[in-house]
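**Q** The structure is given below, and queries will be raised subsequently.
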Amino acid sequence: KNFVHDIAGCFPSWTPDAFIESTVDALRAQIGGGKVVLGLSGGVDSTVAAMLLKEAIGDRLYCIFVNNGLLRKNEFISVLEQYEGLGLNVKGVDASADFYAALDQQEDPEAKRKAIGRVFIEVFDREAMAISGVEFLGQGTIYPDVIESVSVNGPSVTIKSHHNVGGLPDFMKLSVVEPLRSLFKDEVRRVGKALGLSSALLGRYPFPGPGLAIRILGSITPERVKILQEVDNIFIQGLRDSGLYDEVWQAGAILLPVNSVGVMGDERTYEQVVALRAVQSTDGMTADWVHLPYEFLARISNSIINNVRGVNRVVYDISSKPPATIEWE
């Protein structure tokens, strides 16, 4: 503070309203009379990006929400319903089969991320070609995505690829529009609040672009996805029911590539292990694991094991970032 304010002479003049005004003006200048196709995920980043673009160009924004088969339980329908009240032009596209085909026998984390990014581009290219005159692809890229994906003005190394970072392939004749590229997550939420988005939407936990594919260690199959969807649903709903949801910045479950011996009744089992992850953070660049009550963890563990066929052991991740990342892949 002493250096920035007193020595450098800089002042904290950034506000959400000022950002909205300058960004809308910049978007109008960049897009002109063109049309934009934007991928919605149901999360804070893409939704705020969509609202900024809507302010700038109105009905020349065409939003697409892709079901990649890797969403949370019932999320495809619930997200489409969520957008009905925002006045956005949204089309739902079920491309689950395309993503499962691309992920067949893929186990390496980077290979999975790149395969998902490639299919996203293919789906958007196909959908964009069906809209006459589309020139731009809107994305909800934020600054931590950029930092983790590429070296930015310094020695930062690639930690993991993000499907919305790195430009478009030559065959896709669209220019990228990224209104949030310079913001951190907490700043995006402040902008969303200024745009009038609900606290329920703004408080939604961050969810990775590749979805559950990077929370399933190892191979991806519809059966493994269904198991993790059920586990994740029990965990997240449990946080809500226990009044703990707002005390956590991000939470989710991870399906591990190991089996463990257990006992169900009088029978021996040899089934899968899941990890639960809950962290507290401000911007996602650093994070501390949340000390959830033991009684809550015990109740959730019992509920998962008793209700999700194929799981017989639950562990809790107590790693902070750094050295661990929030996501396991």
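Residues are referred to by chain and number: the chain letter is A, B, ... according to the order shown in the structure tokens, the number counts from 1 in that chain, and ligands are numbered separately from 1 in the order shown.
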List the spatial neighbours of segment 123-138 of chain A as an NGL selection string - criterion: any atom at most 9 Å away, only C-alpha atoms, same-chain residues fewer than 4 positions off excluded.

**A** :A and (31 or 34-39 or 46 or 49-50 or 53 or 60-64 or 66 or 93 or 95 or 98 or 118-119 or 171-179)

**Q** Restricting it to C-alpha atoms, dump the selection as a PDB file, in the first residue's frame.

**A**
```pdb
ATOM      1  CA  ILE A  31     -17.866  -5.911 -32.306  1.00  0.00           C
ATOM      2  CA  GLY A  34     -21.426  -8.055 -35.741  1.00  0.00           C
ATOM      3  CA  LYS A  35     -22.925 -11.080 -34.029  1.00  0.00           C
ATOM      4  CA  VAL A  36     -21.401 -13.067 -31.154  1.00  0.00           C
ATOM      5  CA  VAL A  37     -21.845 -16.728 -30.229  1.00  0.00           C
ATOM      6  CA  LEU A  38     -20.965 -17.460 -26.595  1.00  0.00           C
ATOM      7  CA  GLY A  39     -20.699 -20.679 -24.650  1.00  0.00           C
ATOM      8  CA  SER A  46     -19.693 -17.164 -18.538  1.00  0.00           C
ATOM      9  CA  ALA A  49     -19.617 -12.301 -19.713  1.00  0.00           C
ATOM     10  CA  ALA A  50     -22.988 -12.939 -21.375  1.00  0.00           C
ATOM     11  CA  LEU A  53     -22.262  -8.678 -24.084  1.00  0.00           C
ATOM     12  CA  ARG A  60     -27.021 -10.008 -31.595  1.00  0.00           C
ATOM     13  CA  LEU A  61     -25.665 -12.291 -28.843  1.00  0.00           C
ATOM     14  CA  TYR A  62     -26.392 -16.006 -29.359  1.00  0.00           C
ATOM     15  CA  CYS A  63     -25.684 -18.207 -26.321  1.00  0.00           C
ATOM     16  CA  ILE A  64     -25.074 -21.951 -26.436  1.00  0.00           C
ATOM     17  CA  VAL A  66     -23.417 -27.545 -24.244  1.00  0.00           C
ATOM     18  CA  VAL A  93     -26.999 -28.607 -27.312  1.00  0.00           C
ATOM     19  CA  ALA A  95     -23.094 -33.258 -27.419  1.00  0.00           C
ATOM     20  CA  ASP A  98     -19.049 -36.460 -29.041  1.00  0.00           C
ATOM     21  CA  ARG A 118     -11.000 -29.655 -29.216  1.00  0.00           C
ATOM     22  CA  VAL A 119     -14.577 -30.973 -29.092  1.00  0.00           C
ATOM     23  CA  PHE A 171     -10.393 -23.418 -39.584  1.00  0.00           C
ATOM     24  CA  MET A 172     -12.587 -21.468 -37.176  1.00  0.00           C
ATOM     25  CA  LYS A 173     -13.076 -18.045 -38.720  1.00  0.00           C
ATOM     26  CA  LEU A 174     -14.177 -16.253 -35.551  1.00  0.00           C
ATOM     27  CA  SER A 175     -12.502 -13.548 -33.478  1.00  0.00           C
ATOM     28  CA  VAL A 176     -12.363 -14.093 -29.721  1.00  0.00           C
ATOM     29  CA  VAL A 177     -14.123 -11.697 -27.325  1.00  0.00           C
ATOM     30  CA  GLU A 178     -13.130 -12.026 -23.651  1.00  0.00           C
ATOM     31  CA  PRO A 179     -14.610  -9.231 -21.516  1.00  0.00           C
TER      32      PRO A 179
END
```

**Q** List the spatial neighbours of Ser182 of chain A as a PyMOL selection string - criterion: any atom at most 10 Å away, only C-alpha atoms, same-chain residues fewer than 6 positions off excluded.

**A** chain A and resi 141-144+146+188

**Q** Mind dumping the selected residues with N, CA, C and O atoms as an mmCIF file, in the first residue's frame?

**A**
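Contents of selection.cif, as written:
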```
data_model
loop_
_atom_site.group_PDB
_atom_site.id
_atom_site.type_symbol
_atom_site.label_atom_id
_atom_site.label_comp_id
_atom_site.auth_asym_id
_atom_site.auth_seq_id
_atom_site.Cartn_x
_atom_site.Cartn_y
_atom_site.Cartn_z
ATOM 1 N N THR A 141 -13.364 -16.339 -20.105
ATOM 2 C CA THR A 141 -12.002 -16.471 -19.596
ATOM 3 C C THR A 141 -11.720 -15.411 -18.534
ATOM 4 O O THR A 141 -12.010 -14.232 -18.734
ATOM 5 N N ILE A 142 -11.141 -15.828 -17.392
ATOM 6 C CA ILE A 142 -10.709 -14.874 -16.374
ATOM 7 C C ILE A 142 -9.202 -14.994 -16.179
ATOM 8 O O ILE A 142 -8.568 -15.911 -16.695
ATOM 9 N N TYR A 143 -8.628 -14.074 -15.427
ATOM 10 C CA TYR A 143 -7.179 -13.974 -15.348
ATOM 11 C C TYR A 143 -6.488 -15.226 -14.796
ATOM 12 O O TYR A 143 -5.449 -15.641 -15.323
ATOM 13 N N PRO A 144 -7.017 -15.889 -13.751
ATOM 14 C CA PRO A 144 -6.362 -17.123 -13.287
ATOM 15 C C PRO A 144 -6.283 -18.200 -14.370
ATOM 16 O O PRO A 144 -5.318 -18.973 -14.399
ATOM 17 N N VAL A 146 -5.733 -17.660 -17.505
ATOM 18 C CA VAL A 146 -4.613 -17.252 -18.343
ATOM 19 C C VAL A 146 -3.291 -17.577 -17.663
ATOM 20 O O VAL A 146 -2.369 -18.124 -18.268
ATOM 21 N N VAL A 188 -15.118 -10.629 -10.622
ATOM 22 C CA VAL A 188 -16.213 -11.041 -11.513
ATOM 23 C C VAL A 188 -17.527 -11.049 -10.740
ATOM 24 O O VAL A 188 -18.570 -10.590 -11.238
#
```

**Q** So, counting only C-alpha atoms, which residue among A:Asp45, A:Asp25, A:Glu84, A:Asp232 is closest to Ile57 of chain A?

**A**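 Nearest to Ile57 of chain A: A:Asp25.
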
**Q** Using only C-alpha atoms, determine which residues lie at most 9 Å from Asp283 of chain A, disregarding the query and same-chain residues fewer than 4 positions distant; provide the list as a PDB file with all heavy atoms, in the first residue's frame.

**A**
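As written to disk, out_28.pdb reads:
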```
ATOM      1  N   PRO A 144      -7.017 -15.889 -13.751  1.00  0.00           N
ATOM      2  CA  PRO A 144      -6.362 -17.123 -13.287  1.00  0.00           C
ATOM      3  C   PRO A 144      -6.283 -18.200 -14.370  1.00  0.00           C
ATOM      4  O   PRO A 144      -5.318 -18.973 -14.399  1.00  0.00           O
ATOM      5  CB  PRO A 144      -7.249 -17.573 -12.118  1.00  0.00           C
ATOM      6  CG  PRO A 144      -7.815 -16.305 -11.588  1.00  0.00           C
ATOM      7  CD  PRO A 144      -8.075 -15.465 -12.818  1.00  0.00           C
ATOM      8  N   PHE A 184     -10.087 -11.200 -11.624  1.00  0.00           N
ATOM      9  CA  PHE A 184     -10.071 -12.367 -10.757  1.00  0.00           C
ATOM     10  C   PHE A 184     -11.510 -12.715 -10.381  1.00  0.00           C
ATOM     11  O   PHE A 184     -12.436 -11.925 -10.583  1.00  0.00           O
ATOM     12  CB  PHE A 184      -9.247 -12.085  -9.492  1.00  0.00           C
ATOM     13  CG  PHE A 184      -7.763 -12.011  -9.743  1.00  0.00           C
ATOM     14  CD1 PHE A 184      -7.139 -10.788  -9.960  1.00  0.00           C
ATOM     15  CD2 PHE A 184      -7.003 -13.164  -9.776  1.00  0.00           C
ATOM     16  CE1 PHE A 184      -5.775 -10.724 -10.193  1.00  0.00           C
ATOM     17  CE2 PHE A 184      -5.637 -13.118 -10.008  1.00  0.00           C
ATOM     18  CZ  PHE A 184      -5.020 -11.891 -10.221  1.00  0.00           C
ATOM     19  N   LYS A 185     -11.692 -13.904  -9.804  1.00  0.00           N
ATOM     20  CA  LYS A 185     -13.045 -14.404  -9.522  1.00  0.00           C
ATOM     21  C   LYS A 185     -13.837 -13.465  -8.618  1.00  0.00           C
ATOM     22  O   LYS A 185     -15.032 -13.231  -8.853  1.00  0.00           O
ATOM     23  CB  LYS A 185     -12.956 -15.794  -8.899  1.00  0.00           C
ATOM     24  CG  LYS A 185     -14.297 -16.424  -8.526  1.00  0.00           C
ATOM     25  CD  LYS A 185     -15.108 -16.820  -9.745  1.00  0.00           C
ATOM     26  CE  LYS A 185     -14.559 -18.074 -10.365  1.00  0.00           C
ATOM     27  NZ  LYS A 185     -15.429 -18.571 -11.455  1.00  0.00           N
ATOM     28  N   ASP A 186     -13.213 -12.926  -7.576  1.00  0.00           N
ATOM     29  CA  ASP A 186     -13.955 -12.058  -6.665  1.00  0.00           C
ATOM     30  C   ASP A 186     -14.413 -10.785  -7.373  1.00  0.00           C
ATOM     31  O   ASP A 186     -15.499 -10.256  -7.086  1.00  0.00           O
ATOM     32  CB  ASP A 186     -13.117 -11.718  -5.436  1.00  0.00           C
ATOM     33  CG  ASP A 186     -11.813 -11.014  -5.782  1.00  0.00           C
ATOM     34  OD1 ASP A 186     -11.130 -11.457  -6.728  1.00  0.00           O
ATOM     35  OD2 ASP A 186     -11.466 -10.035  -5.099  1.00  0.00           O
ATOM     36  N   GLU A 187     -13.606 -10.297  -8.315  1.00  0.00           N
ATOM     37  CA  GLU A 187     -13.982  -9.109  -9.080  1.00  0.00           C
ATOM     38  C   GLU A 187     -15.132  -9.424 -10.035  1.00  0.00           C
ATOM     39  O   GLU A 187     -16.026  -8.586 -10.242  1.00  0.00           O
ATOM     40  CB  GLU A 187     -12.773  -8.586  -9.850  1.00  0.00           C
ATOM     41  CG  GLU A 187     -11.656  -8.080  -8.947  1.00  0.00           C
ATOM     42  CD  GLU A 187     -10.358  -7.826  -9.691  1.00  0.00           C
ATOM     43  OE1 GLU A 187     -10.089  -8.524 -10.690  1.00  0.00           O
ATOM     44  OE2 GLU A 187      -9.601  -6.940  -9.260  1.00  0.00           O
ATOM     45  N   ALA A 287      -5.470 -21.236  -1.939  1.00  0.00           N
ATOM     46  CA  ALA A 287      -6.659 -21.773  -1.276  1.00  0.00           C
ATOM     47  C   ALA A 287      -6.253 -22.597  -0.062  1.00  0.00           C
ATOM     48  O   ALA A 287      -5.198 -23.234  -0.050  1.00  0.00           O
ATOM     49  CB  ALA A 287      -7.473 -22.641  -2.236  1.00  0.00           C
TER      50      ALA A 287
END
```

**Q** Counting only C-alpha atoms, figure out which residue out of A:Lys91, A:Arg113, A:Lys54, A:Arg28 gets nearest to Ile214 of chain A.

**A**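 Comparing A:Lys91, A:Arg113, A:Lys54, A:Arg28 against Ile214 of chain A, the winner is A:Arg113.
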
**Q** Could you please determine the separation between atom CA of Lys73 of chain A and atom CA of Leu183 of chain A in Å, to one decimal place?

**A**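 Taking atom CA of Lys73 of chain A as the start and atom CA of Leu183 of chain A as the end point, the length is 29.2 Å.
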
**Q** Given only C-alpha atoms as the basis, pick out the residue of A:Leu88, A:Leu217, A:Val48, A:Ala102 nearest to Gly69 of chain A.

**A** A:Ala102

**Q** Nearest to Gly117 of chain A: which of A:Leu71, A:Ala213, A:Val90, A:Ile304 is it, counting only C-alpha atoms?

**A**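 The answer is A:Ala213, which sits nearest to Gly117 of chain A.
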
**Q** Can you pull out the residues contacting segment 317-329 of chain A? Cut-off 7 Å, using only C-alpha atoms, and skip same-chain residues under 2 positions away; I want them as number ranges by chain.

**A** A: 109, 214-215, 275-277, 286-289, 315

**Q** With N, CA, C and O atoms kept, could you save the residues just selected as a PDB file, in the first residue's frame?

**A**
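out.pdb, written as the output of this step:
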```
ATOM      1  N   PRO A 109      -4.186 -36.362 -17.711  1.00  0.00           N
ATOM      2  CA  PRO A 109      -4.964 -35.140 -17.459  1.00  0.00           C
ATOM      3  C   PRO A 109      -4.881 -34.113 -18.584  1.00  0.00           C
ATOM      4  O   PRO A 109      -5.904 -33.549 -18.993  1.00  0.00           O
ATOM      5  N   ILE A 214     -12.143 -34.036 -15.184  1.00  0.00           N
ATOM      6  CA  ILE A 214     -10.904 -33.853 -14.440  1.00  0.00           C
ATOM      7  C   ILE A 214     -11.105 -34.072 -12.944  1.00  0.00           C
ATOM      8  O   ILE A 214     -10.206 -33.816 -12.147  1.00  0.00           O
ATOM      9  N   ARG A 215     -12.296 -34.553 -12.571  1.00  0.00           N
ATOM     10  CA  ARG A 215     -12.519 -35.023 -11.205  1.00  0.00           C
ATOM     11  C   ARG A 215     -12.670 -36.546 -11.184  1.00  0.00           C
ATOM     12  O   ARG A 215     -12.938 -37.123 -10.133  1.00  0.00           O
ATOM     13  N   ALA A 275     -12.871 -39.013  -3.004  1.00  0.00           N
ATOM     14  CA  ALA A 275     -12.335 -37.971  -2.131  1.00  0.00           C
ATOM     15  C   ALA A 275     -13.265 -36.768  -2.172  1.00  0.00           C
ATOM     16  O   ALA A 275     -13.809 -36.425  -3.235  1.00  0.00           O
ATOM     17  N   LEU A 276     -13.458 -36.128  -1.037  1.00  0.00           N
ATOM     18  CA  LEU A 276     -14.224 -34.885  -0.964  1.00  0.00           C
ATOM     19  C   LEU A 276     -13.248 -33.726  -0.812  1.00  0.00           C
ATOM     20  O   LEU A 276     -12.232 -33.848  -0.120  1.00  0.00           O
ATOM     21  N   ARG A 277     -13.549 -32.612  -1.455  1.00  0.00           N
ATOM     22  CA  ARG A 277     -12.661 -31.454  -1.457  1.00  0.00           C
ATOM     23  C   ARG A 277     -13.484 -30.200  -1.185  1.00  0.00           C
ATOM     24  O   ARG A 277     -14.502 -29.955  -1.858  1.00  0.00           O
ATOM     25  N   THR A 286      -4.706 -18.919  -4.574  1.00  0.00           N
ATOM     26  CA  THR A 286      -4.299 -19.692  -3.400  1.00  0.00           C
ATOM     27  C   THR A 286      -5.572 -20.165  -2.710  1.00  0.00           C
ATOM     28  O   THR A 286      -6.639 -19.567  -2.884  1.00  0.00           O
ATOM     29  N   ALA A 287      -5.470 -21.236  -1.939  1.00  0.00           N
ATOM     30  CA  ALA A 287      -6.659 -21.773  -1.276  1.00  0.00           C
ATOM     31  C   ALA A 287      -6.253 -22.597  -0.062  1.00  0.00           C
ATOM     32  O   ALA A 287      -5.198 -23.234  -0.050  1.00  0.00           O
ATOM     33  N   ASP A 288      -7.086 -22.573   0.964  1.00  0.00           N
ATOM     34  CA  ASP A 288      -6.895 -23.399   2.156  1.00  0.00           C
ATOM     35  C   ASP A 288      -8.061 -24.363   2.285  1.00  0.00           C
ATOM     36  O   ASP A 288      -9.211 -24.001   1.995  1.00  0.00           O
ATOM     37  N   TRP A 289      -7.765 -25.582   2.722  1.00  0.00           N
ATOM     38  CA  TRP A 289      -8.845 -26.547   2.913  1.00  0.00           C
ATOM     39  C   TRP A 289      -9.702 -26.116   4.086  1.00  0.00           C
ATOM     40  O   TRP A 289      -9.233 -25.514   5.055  1.00  0.00           O
ATOM     41  N   VAL A 315     -12.716 -40.370   1.533  1.00  0.00           N
ATOM     42  CA  VAL A 315     -11.623 -39.655   2.195  1.00  0.00           C
ATOM     43  C   VAL A 315     -11.823 -38.154   1.999  1.00  0.00           C
ATOM     44  O   VAL A 315     -12.552 -37.719   1.106  1.00  0.00           O
TER      45      VAL A 315
END
```

**Q** Mind the document's chain letters and residue numbers, and return as an MDAnalysis selection string the residues of segment 73-310 of chain A that DSSP labels helix (DSSP H, G or I).

**A** chainID A and resid 75:86 96:103 109:129 143:149 185:194 199:202 211:214 222:241 245:247 294:307

**Q** Can I get the residues of segment 16-103 of chain A within 12 Å of segment 191-212 of chain A, each with the closest pair of atoms and their distance in Å to one decimal, using only C-alpha atoms, sorted chain first then ascending number, as a tab-separated table?

**A**
```
residue	atom	partner	partner_atom	distance
A:Pro16	CA	A:Val191	CA	4.8
A:Asp17	CA	A:Ala194	CA	6.5
A:Ala18	CA	A:Val191	CA	9.6
A:Phe19	CA	A:Val191	CA	7.7
A:Ile20	CA	A:Val191	CA	7.1
A:Glu21	CA	A:Val191	CA	10.8
A:Thr23	CA	A:Val191	CA	10.9
A:Val24	CA	A:Leu195	CA	11.9
A:Gly39	CA	A:Gly209	CA	10.6
A:Leu40	CA	A:Gly209	CA	10.2
A:Ser41	CA	A:Gly209	CA	7.7
A:Gly42	CA	A:Leu201	CA	8.3
A:Gly43	CA	A:Pro206	CA	6.6
A:Val44	CA	A:Leu202	CA	5.8
A:Asp45	CA	A:Pro206	CA	8.7
A:Ser46	CA	A:Gly209	CA	10.3
A:Thr47	CA	A:Gly192	CA	8.3
A:Val48	CA	A:Gly192	CA	5.5
A:Ala49	CA	A:Gly192	CA	8.9
A:Ala50	CA	A:Gly192	CA	10.4
A:Met51	CA	A:Leu195	CA	7.4
A:Leu52	CA	A:Leu195	CA	8.1
A:Leu53	CA	A:Leu195	CA	11.6
A:Lys54	CA	A:Leu195	CA	10.9
A:Glu55	CA	A:Leu195	CA	9.4
A:Phe65	CA	A:Gly209	CA	11.9
A:Val66	CA	A:Gly209	CA	10.9
A:Asn67	CA	A:Gly211	CA	10.1
A:Asn68	CA	A:Gly211	CA	8.1
A:Gly69	CA	A:Gly211	CA	8.6
A:Leu70	CA	A:Leu212	CA	5.0
A:Leu71	CA	A:Gly211	CA	5.7
A:Arg72	CA	A:Leu212	CA	7.5
A:Lys73	CA	A:Leu212	CA	10.5
A:Glu75	CA	A:Gly211	CA	11.2
A:Ser78	CA	A:Leu201	CA	11.9
A:Val79	CA	A:Leu201	CA	10.1
A:Gln82	CA	A:Leu201	CA	8.7
A:Tyr83	CA	A:Leu201	CA	10.2
A:Gly85	CA	A:Leu197	CA	10.4
A:Leu86	CA	A:Leu197	CA	8.5
A:Gly87	CA	A:Leu197	CA	11.8
A:Ser96	CA	A:Gly211	CA	11.9
A:Phe99	CA	A:Pro210	CA	10.0
A:Tyr100	CA	A:Leu212	CA	11.9
A:Leu103	CA	A:Pro210	CA	11.1
```

**Q** So that I can see what lies close to Glu230 of chain A, please list as an NGL selection string the residues with an atom at most 12 Å from it, counting only C-alpha atoms and leaving out residues fewer than 2 positions away in the same chain.

**A** :A and (71-74 or 212 or 223-228 or 232-237 or 252-255 or 274 or 303-311)

**Q** List every residue of segment 26-232 of chain A that DSSP, applied to the backbone of this structure, assigns to strand (DSSP E), and report them as a compact mmCIF listing (two decimals) with C-alpha atoms, in the first residue's frame.

**A**
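Result went into out15.txt, see below:
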```txt
# COMPACT_ATOMS: atom_id res chain seq x y z
CA LYS A 35 -22.93 -11.08 -34.03
CA VAL A 36 -21.40 -13.07 -31.15
CA VAL A 37 -21.84 -16.73 -30.23
CA LEU A 38 -20.97 -17.46 -26.59
CA GLY A 39 -20.70 -20.68 -24.65
CA LEU A 40 -22.57 -20.67 -21.35
CA LEU A 61 -25.67 -12.29 -28.84
CA TYR A 62 -26.39 -16.01 -29.36
CA CYS A 63 -25.68 -18.21 -26.32
CA ILE A 64 -25.07 -21.95 -26.44
CA PHE A 65 -25.08 -24.24 -23.42
CA VAL A 66 -23.42 -27.55 -24.24
CA ASN A 67 -24.18 -30.74 -22.39
CA VAL A 90 -29.91 -19.55 -25.15
CA LYS A 91 -29.84 -22.81 -27.11
CA GLY A 92 -29.14 -26.11 -25.36
CA VAL A 93 -27.00 -28.61 -27.31
CA ASP A 94 -26.54 -32.21 -26.17
CA VAL A 134 -21.57 -14.66 -36.75
CA GLU A 135 -18.08 -13.16 -36.56
CA PHE A 136 -17.11 -13.44 -32.88
CA LEU A 137 -16.78 -16.14 -30.21
CA GLY A 138 -17.42 -14.88 -26.69
CA SER A 175 -12.50 -13.55 -33.48
CA VAL A 176 -12.36 -14.09 -29.72
CA VAL A 177 -14.12 -11.70 -27.33
```
